[in-house]
Each structure stands twice: as structure tokens, then as C-alpha cells.
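Asker: If it helps, the file is called run.txt and holds compact mmCIF, C-alpha atoms:
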```txt
# COMPACT_ATOMS: atom_id res chain seq x y z
CA MET A 10 119.49 82.93 104.31
CA LYS A 11 120.67 80.74 107.16
CA ASP A 12 118.42 79.84 110.04
CA PHE A 13 120.59 81.36 112.76
CA MET A 14 118.20 80.43 115.55
CA LYS A 15 119.24 76.79 115.08
CA TYR A 16 122.77 77.80 116.06
CA ALA A 17 121.50 79.64 119.13
CA ILE A 18 119.60 76.49 120.12
CA LYS A 19 122.82 74.47 119.78
CA GLU A 20 124.39 76.91 122.22
CA ALA A 21 121.46 76.42 124.61
CA TYR A 22 122.13 72.68 124.58
CA LYS A 23 125.76 73.39 125.58
CA SER A 24 124.37 75.12 128.67
CA LEU A 25 122.11 72.18 129.38
CA GLU A 26 125.04 69.74 129.16
CA ASN A 27 126.71 71.75 131.92
CA ASP A 28 123.59 71.92 134.12
CA GLU A 29 123.10 75.60 133.29
CA VAL A 30 119.83 77.27 132.36
CA PRO A 31 119.60 76.36 128.66
CA ILE A 32 119.83 79.66 126.83
CA GLY A 33 121.97 80.25 123.78
CA ALA A 34 122.86 83.18 121.56
CA VAL A 35 124.70 83.93 118.35
CA ILE A 36 125.74 87.24 116.82
CA VAL A 37 125.64 87.66 113.06
CA ILE A 38 127.20 90.30 110.81
CA ASP A 39 126.88 90.16 107.03
CA ASN A 40 125.07 86.83 107.23
CA LYS A 41 127.97 85.18 109.12
CA ILE A 42 128.12 84.10 112.74
CA ILE A 43 130.91 86.06 114.42
CA ALA A 44 130.26 85.01 118.03
CA LYS A 45 128.39 82.44 120.07
CA GLY A 46 127.45 82.31 123.73
CA HIS A 47 125.56 80.24 126.24
CA ASN A 48 124.79 80.57 129.93
CA GLN A 49 127.77 79.96 132.20
CA ARG A 50 126.66 81.44 135.53
CA GLU A 51 127.07 78.25 137.54
CA LYS A 52 130.41 77.32 136.01
CA SER A 53 131.85 80.81 136.45
CA GLN A 54 129.91 81.67 139.63
CA ASN A 55 129.36 85.04 137.99
CA ALA A 56 125.86 86.53 137.79
CA ILE A 57 126.48 88.30 134.48
CA ARG A 58 127.58 85.25 132.45
CA HIS A 59 124.33 85.17 130.45
CA ALA A 60 124.36 83.85 126.88
CA GLU A 61 123.89 87.31 125.37
CA ILE A 62 126.65 88.89 127.45
CA ASN A 63 129.07 86.09 126.58
CA ALA A 64 128.28 86.44 122.87
CA ILE A 65 128.55 90.25 122.95
CA GLU A 66 131.92 90.05 124.70
CA LYS A 67 133.27 87.65 122.06
CA ALA A 68 131.87 89.74 119.20
CA CYS A 69 133.43 92.94 120.54
CA LYS A 70 136.77 91.20 120.87
CA LYS A 71 136.53 89.78 117.35
CA MET A 72 135.49 93.13 115.83
CA ASN A 73 137.95 95.05 118.02
CA SER A 74 135.15 97.46 118.87
CA TRP A 75 132.40 97.89 121.44
CA ARG A 76 130.10 99.08 118.66
CA LEU A 77 128.26 96.25 116.94
CA ASP A 78 126.11 98.52 114.76
CA ASN A 79 125.59 96.03 111.95
CA ALA A 80 125.06 93.02 114.18
CA GLU A 81 122.00 90.86 114.70
CA LEU A 82 121.59 88.83 117.87
CA TYR A 83 119.65 85.55 117.82
CA VAL A 84 118.77 84.28 121.29
CA THR A 85 116.57 81.46 122.49
CA LEU A 86 114.86 83.49 125.25
CA GLU A 87 113.69 87.09 125.44
CA PRO A 88 116.59 89.08 126.92
CA CYS A 89 116.48 90.11 130.58
CA PRO A 90 116.89 93.80 131.54
CA MET A 91 120.66 93.42 132.07
CA CYS A 92 121.14 91.84 128.64
CA ALA A 93 118.81 94.38 126.99
CA GLY A 94 121.01 97.12 128.44
CA ALA A 95 124.14 95.45 127.08
CA ILE A 96 122.47 95.03 123.68
CA ALA A 97 121.57 98.72 123.62
CA ASN A 98 125.05 99.77 124.70
CA ALA A 99 126.66 97.58 122.03
CA ARG A 100 124.29 99.21 119.51
CA ILE A 101 123.16 95.89 118.10
CA LYS A 102 120.72 96.66 115.28
CA LYS A 103 118.39 93.68 115.63
CA VAL A 104 117.43 91.09 118.24
CA VAL A 105 115.52 87.96 117.30
CA TYR A 106 114.28 85.79 120.16
CA ALA A 107 112.43 82.49 120.08
CA CYS A 108 110.72 82.27 123.45
CA LYS A 109 108.99 84.87 125.59
CA GLU A 110 110.07 85.18 129.20
CA LYS A 111 107.11 83.73 131.14
CA THR A 112 107.82 85.62 134.36
CA SER A 113 107.84 89.10 132.81
CA GLN A 114 104.77 90.14 130.92
CA ASP A 115 105.51 93.84 131.16
CA GLY A 116 107.46 94.28 127.90
CA LEU A 117 110.51 95.54 129.77
CA CYS A 118 112.94 94.29 127.14
CA ASP A 119 111.08 96.22 124.45
CA LEU A 120 110.92 99.32 126.66
CA ILE A 121 114.66 99.26 127.29
CA LEU A 122 115.62 98.67 123.67
CA SER A 123 113.26 101.34 122.34
CA SER A 124 113.88 103.96 125.03
CA LYS A 125 114.06 107.53 123.75
CA ARG A 126 116.88 108.10 126.25
CA LEU A 127 119.15 106.05 124.01
CA ASN A 128 120.78 107.38 120.88
CA HIS A 129 120.30 103.98 119.28
CA ASN A 130 117.23 101.80 118.93
CA THR A 131 117.23 98.07 118.31
CA GLN A 132 114.71 96.24 116.18
CA ILE A 133 113.09 93.46 118.24
CA VAL A 134 111.60 90.39 116.56
CA PHE A 135 109.76 87.51 118.22
CA ASP A 136 110.33 84.48 116.00
CA GLU A 137 107.70 81.87 116.86
CA LYS A 138 109.23 79.13 114.69
CA TYR A 139 111.22 77.59 117.57
CA SER A 140 109.15 79.00 120.43
CA GLU A 141 107.74 75.67 121.52
CA GLU A 142 111.11 73.90 121.39
CA CYS A 143 112.87 76.62 123.38
CA SER A 144 110.03 76.88 125.88
CA ASN A 145 109.99 73.11 126.40
CA LEU A 146 113.76 73.06 126.85
CA LEU A 147 113.51 75.61 129.64
CA SER A 148 110.41 74.06 131.26
CA THR A 149 111.96 70.61 131.28
CA PHE A 150 115.19 71.96 132.78
CA PHE A 151 113.38 73.66 135.66
CA LYS A 152 111.02 70.72 136.19
CA ASN A 153 114.03 68.39 136.51
CA LYS A 154 115.69 70.82 138.94
CA ARG A 155 112.57 70.87 141.12
CA ASN A 156 112.31 67.06 141.05
CA LYS A 157 115.95 66.72 142.14
CA ASN A 158 115.32 69.02 145.08
CA ASN A 159 112.24 67.11 146.31
```
Would you mind writing the file out in C-alpha cells?

Answerer:
Amino acid sequence: MKDFMKYAIKEAYKSLENDEVPIGAVIVIDNKIIAKGHNQREKSQNAIRHAEINAIEKACKKMNSWRLDNAELYVTLEPCPMCAGAIANARIKKVVYACKEKTSQDGLCDLILSSKRLNHNTQIVFDEKYSEECSNLLSTFFKNKRNKNN
């Protein structure tokens, strides 16, 4: 089986090259990447251009459906509430993330994706293998931003 998180990390580096928060995502169906995404909020000046949203949009277009029932999403950072909502609405079956969101320790992503209000639940997996790399990528990005502003 391929290590799909490596491809999500490559997407995160695309964000970094464009001075965006370095988060990347890939969507996989039948062990094949069908869509990739990375943050593009600054470039697009659009608040919803998160890596997950960009990947979901491409996957829906490719599959010609808003339902991604058999899809797995690999993302470098735990999804935010907006992205968790999009994941639930797209009916993605599994989310694998490499780094926990440091500012939210309330498990909101898990709560959204496992809500009994939804007719679909998503499996959520924290994959620690690249946690340190993804965490350092984000920490270094924000540290550099703060140093530029001082």
C-alpha cells in the first residue's frame, strides 16, 4: 500500500512555496490518488480555500458526484470545523491526519464527523508517523511570519 501522507506533505510544501499556511491533502479511491489540494487562501483571497476543500472540490468534479463514499482523505493537519463539515457532507469514509491542531484540544473535528445528526459517519485516524515533520513545518512557518513582522 502506498504511503499517501507523503503526497499530502508534498502538497503542503506547495503552499509553503506560495507563502501560504503549509497544509496539504490528497483524496484516494481504490488505492489511487484522484485529487490533491493545498492551502490557497492568500492567493485567492478566499477564506474557504483550505487544502481539504480544494481537494474535495477536485474529487467531486473528477467523480462527477458530490458523494465520495469510497474516498479516503489524507491531510497534514487535523481538519478545522469547516473542513470537517465538508468532509461529512461529501460522505468521505475515512480521514487520516498527521498533526493535531494545537489550538483546539476539544476534539471538535471528531465530534462533527461522528455526530449522530449525520446519516454518515467518517472514520478518523491520527497517523503519528509524520506528526513531527508536519508540526515542525507549521511551527517554522508561523515563527518565520512572526519574525518578519517584528

Asker: Could you name the residues that touch Ser124 of chain A at 12 Å or less, counting all atoms listed in the file, but leaving out those on the same chain fewer than 6 positions away, as a list of chain:residue names?

Answerer: A:Ala93, A:Gly94, A:Ala97, A:Asn98, A:Gly116, A:Leu117, A:Cys118, A:Asn130, A:Thr131, A:Gln132

Asker: List the residues sitting within 9 Å of (108.9, 90.3, 119.2) in the file's frame, using all atoms listed in the file, as a ChimeraX atom specification.

Answerer: /A:87,104-107,109,119,132-137

Asker: Ranking A:Ala68, A:Ile62, A:Ile32, A:Ala56 by minimum distance to Ala44 of chain A and counting all atoms listed in the file, which one comes first?

Answerer: A:Ala68

Asker: So the first atom is atom CA of Glu61 of chain A and the second is atom CA of His47 of chain A; what is the distance between them in Å, to one decimal place?

Answerer: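 So the answer is 7.3 Å.
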
Asker: Distance atom CA of Lys23 of chain A-atom CA of Val37 of chain A, one decimal place?

Answerer: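 According to the coordinates, atom CA of Lys23 of chain A and atom CA of Val37 of chain A are separated by 19.0 Å.
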
Asker: Ala80 of chain A: which residues within 6 Å, counting all atoms listed in the file, same-chain residues fewer than 4 positions away excluded, as a PyMOL selection string?

Answerer: chain A and resi 37-38+101-102

Asker: Taking all atoms listed in the file into account, which of A:Leu82, A:Glu142, A:Leu127, A:Phe150 comes nearest Glu26 of chain A?

Answerer: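 Checking each of A:Leu82, A:Glu142, A:Leu127, A:Phe150 against Glu26 of chain A, counting all atoms listed in the file, the winner is A:Phe150.
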
Asker: Rounded to one decimal, what separation in Å do you get between atom CA of Ile18 of chain A and atom CA of Tyr139 of chain A?

Answerer: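 Separating atom CA of Ile18 of chain A from atom CA of Tyr139 of chain A is a distance of 8.8 Å.
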
Asker: Can you list, as a list in words, every protein, DNA or RNA residue that comes within 7 Å of segment 144-148 of chain A when you count only C-alpha atoms, leaving out same-chain residues fewer than 3 positions away?

Answerer: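 What passes the distance filter is Pro31, Cys108, Ser140, Glu141, Phe151 and Lys152 of chain A.
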
Asker: Can I get the selected residues back with C-alpha atoms, as a JSON list (two decimals), in the coordinates of the input?

Answerer:
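The resulting file, out_4.json, is shown below:
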```json
[["chain", "number", "residue", "atom", "x", "y", "z"],
["A", 31, "PRO", "CA", 119.60, 76.36, 128.66],
["A", 108, "CYS", "CA", 110.72, 82.27, 123.45],
["A", 140, "SER", "CA", 109.15, 79.00, 120.43],
["A", 141, "GLU", "CA", 107.74, 75.67, 121.52],
["A", 151, "PHE", "CA", 113.38, 73.66, 135.66],
["A", 152, "LYS", "CA", 111.02, 70.72, 136.19]]
```

Asker: Need the shell around His59 of chain A: protein/DNA/RNA residues with any atom at most 7 Å away, counting all atoms listed in the file. Skip same-chain ones fewer than 5 positions apart. Format as a tab-separated table (two decimals) with C-alpha atoms, keeping the file's coordinate frame?

Answerer:
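What follows is the written file around-v2.tsv:
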```
chain	number	residue	atom	x	y	z
A	47	HIS	CA	125.56	80.24	126.24
A	48	ASN	CA	124.79	80.57	129.93
A	49	GLN	CA	127.77	79.96	132.20
A	50	ARG	CA	126.66	81.44	135.53
```

Asker: Considering only C-alpha atoms, state which residue in the set A:Leu86, A:Asp78, A:Glu51, A:Ala34 is at the smallest distance from Ala64 of chain A.

Answerer: A:Ala34

Asker: Just need the box for segment 15-28 of chain A, edges along x, y and z, holding every atom the file lists for it with 3 Å tacked onto each side, so centre and edge lengths in Å to one decimal, as lines of an AutoDock Vina configuration file.

Answerer:
```
center_x = 123.0
center_y = 74.7
center_z = 124.6
size_x = 13.5
size_y = 15.9
size_z = 25.0
```

Asker: Hey, can you pull every residue with an atom no more than 12 Å from (125.0, 74.4, 121.8), using all atoms listed in the file, and send it as a ChimeraX atom specification?

Answerer: /A:14-27,29,31-35,45-48,60,84-85

Asker: Considering only C-alpha atoms, state which residue in the set A:Ser74, A:Met91, A:Thr149, A:Ile36 is at the smallest distance from Lys103 of chain A.

Answerer: A:Ile36

Asker: Missing atoms in segment 47-58 of chain A: fill them in up to all heavy atoms and send the result as an mmCIF file, in the frame of the given file.

Answerer:
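Result file follows (rebuild37.cif):
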```
data_model
loop_
_atom_site.group_PDB
_atom_site.id
_atom_site.type_symbol
_atom_site.label_atom_id
_atom_site.label_comp_id
_atom_site.auth_asym_id
_atom_site.auth_seq_id
_atom_site.Cartn_x
_atom_site.Cartn_y
_atom_site.Cartn_z
ATOM 1 N N HIS A 47 126.584 80.967 125.491
ATOM 2 C CA HIS A 47 125.560 80.240 126.240
ATOM 3 C C HIS A 47 125.754 80.559 127.713
ATOM 4 O O HIS A 47 126.801 81.075 128.113
ATOM 5 C CB HIS A 47 125.624 78.729 125.973
ATOM 6 C CG HIS A 47 126.947 78.111 126.243
ATOM 7 N ND1 HIS A 47 127.964 78.100 125.312
ATOM 8 C CD2 HIS A 47 127.436 77.494 127.335
ATOM 9 C CE1 HIS A 47 129.021 77.498 125.816
ATOM 10 N NE2 HIS A 47 128.723 77.121 127.051
ATOM 11 N N ASN A 48 124.727 80.275 128.498
ATOM 12 C CA ASN A 48 124.790 80.570 129.930
ATOM 13 C C ASN A 48 125.955 79.841 130.581
ATOM 14 O O ASN A 48 126.176 78.656 130.321
ATOM 15 C CB ASN A 48 123.494 80.144 130.623
ATOM 16 C CG ASN A 48 122.460 81.236 130.604
ATOM 17 O OD1 ASN A 48 122.679 82.322 130.091
ATOM 18 N ND2 ASN A 48 121.304 80.950 131.156
ATOM 19 N N GLN A 49 126.649 80.543 131.462
ATOM 20 C CA GLN A 49 127.770 79.960 132.200
ATOM 21 C C GLN A 49 127.827 80.517 133.627
ATOM 22 O O GLN A 49 128.898 80.627 134.206
ATOM 23 C CB GLN A 49 129.088 80.237 131.481
ATOM 24 C CG GLN A 49 129.182 79.554 130.144
ATOM 25 C CD GLN A 49 130.503 79.809 129.468
ATOM 26 O OE1 GLN A 49 130.980 80.931 129.426
ATOM 27 N NE2 GLN A 49 131.096 78.753 128.932
ATOM 28 N N ARG A 50 126.675 80.846 134.182
ATOM 29 C CA ARG A 50 126.660 81.440 135.530
ATOM 30 C C ARG A 50 127.139 80.464 136.591
ATOM 31 O O ARG A 50 127.897 80.842 137.482
ATOM 32 C CB ARG A 50 125.263 81.950 135.888
ATOM 33 C CG ARG A 50 124.886 83.172 135.101
ATOM 34 C CD ARG A 50 123.618 83.808 135.594
ATOM 35 N NE ARG A 50 122.538 82.839 135.708
ATOM 36 C CZ ARG A 50 121.367 83.100 136.250
ATOM 37 N NH1 ARG A 50 121.112 84.289 136.729
ATOM 38 N NH2 ARG A 50 120.445 82.176 136.308
ATOM 39 N N GLU A 51 126.682 79.229 136.528
ATOM 40 C CA GLU A 51 127.070 78.250 137.540
ATOM 41 C C GLU A 51 128.560 77.917 137.444
ATOM 42 O O GLU A 51 129.269 77.893 138.442
ATOM 43 C CB GLU A 51 126.229 76.974 137.416
ATOM 44 C CG GLU A 51 124.755 77.168 137.709
ATOM 45 C CD GLU A 51 124.469 77.649 139.128
ATOM 46 O OE1 GLU A 51 125.234 77.305 140.054
ATOM 47 O OE2 GLU A 51 123.476 78.361 139.313
ATOM 48 N N LYS A 52 129.001 77.676 136.227
ATOM 49 C CA LYS A 52 130.410 77.320 136.010
ATOM 50 C C LYS A 52 131.339 78.433 136.488
ATOM 51 O O LYS A 52 132.342 78.187 137.148
ATOM 52 C CB LYS A 52 130.650 77.030 134.532
ATOM 53 C CG LYS A 52 132.074 76.694 134.187
ATOM 54 C CD LYS A 52 132.248 76.457 132.697
ATOM 55 C CE LYS A 52 133.702 76.209 132.362
ATOM 56 N NZ LYS A 52 133.901 76.095 130.916
ATOM 57 N N SER A 53 130.990 79.665 136.125
ATOM 58 C CA SER A 53 131.850 80.810 136.450
ATOM 59 C C SER A 53 131.554 81.396 137.834
ATOM 60 O O SER A 53 132.355 82.178 138.340
ATOM 61 C CB SER A 53 131.679 81.905 135.404
ATOM 62 O OG SER A 53 130.371 82.447 135.469
ATOM 63 N N GLN A 54 130.396 81.045 138.398
ATOM 64 C CA GLN A 54 129.910 81.670 139.630
ATOM 65 C C GLN A 54 129.914 83.199 139.488
ATOM 66 O O GLN A 54 130.333 83.942 140.371
ATOM 67 C CB GLN A 54 130.732 81.218 140.846
ATOM 68 C CG GLN A 54 130.474 79.771 141.229
ATOM 69 C CD GLN A 54 129.004 79.525 141.591
ATOM 70 O OE1 GLN A 54 128.480 80.095 142.539
ATOM 71 N NE2 GLN A 54 128.333 78.674 140.816
ATOM 72 N N ASN A 55 129.414 83.628 138.324
ATOM 73 C CA ASN A 55 129.360 85.040 137.990
ATOM 74 C C ASN A 55 127.965 85.344 137.454
ATOM 75 O O ASN A 55 127.551 84.774 136.439
ATOM 76 C CB ASN A 55 130.437 85.350 136.940
ATOM 77 C CG ASN A 55 130.556 86.822 136.645
ATOM 78 O OD1 ASN A 55 129.586 87.563 136.706
ATOM 79 N ND2 ASN A 55 131.759 87.244 136.301
ATOM 80 N N ALA A 56 127.260 86.234 138.121
ATOM 81 C CA ALA A 56 125.860 86.530 137.790
ATOM 82 C C ALA A 56 125.658 87.087 136.391
ATOM 83 O O ALA A 56 124.563 86.976 135.845
ATOM 84 C CB ALA A 56 125.288 87.514 138.813
ATOM 85 N N ILE A 57 126.675 87.676 135.788
ATOM 86 C CA ILE A 57 126.480 88.300 134.480
ATOM 87 C C ILE A 57 126.859 87.395 133.305
ATOM 88 O O ILE A 57 126.797 87.816 132.159
ATOM 89 C CB ILE A 57 127.218 89.640 134.356
ATOM 90 C CG1 ILE A 57 128.729 89.453 134.389
ATOM 91 C CG2 ILE A 57 126.747 90.609 135.414
ATOM 92 C CD1 ILE A 57 129.488 90.688 133.972
ATOM 93 N N ARG A 58 127.162 86.163 133.533
ATOM 94 C CA ARG A 58 127.580 85.250 132.450
ATOM 95 C C ARG A 58 126.379 84.675 131.709
ATOM 96 O O ARG A 58 126.277 83.478 131.498
ATOM 97 C CB ARG A 58 128.467 84.135 132.999
ATOM 98 C CG ARG A 58 129.821 84.583 133.472
ATOM 99 C CD ARG A 58 130.756 84.924 132.322
ATOM 100 N NE ARG A 58 131.038 86.345 132.333
ATOM 101 C CZ ARG A 58 131.355 87.053 131.258
ATOM 102 N NH1 ARG A 58 131.418 86.511 130.086
ATOM 103 N NH2 ARG A 58 131.596 88.321 131.358
#
```
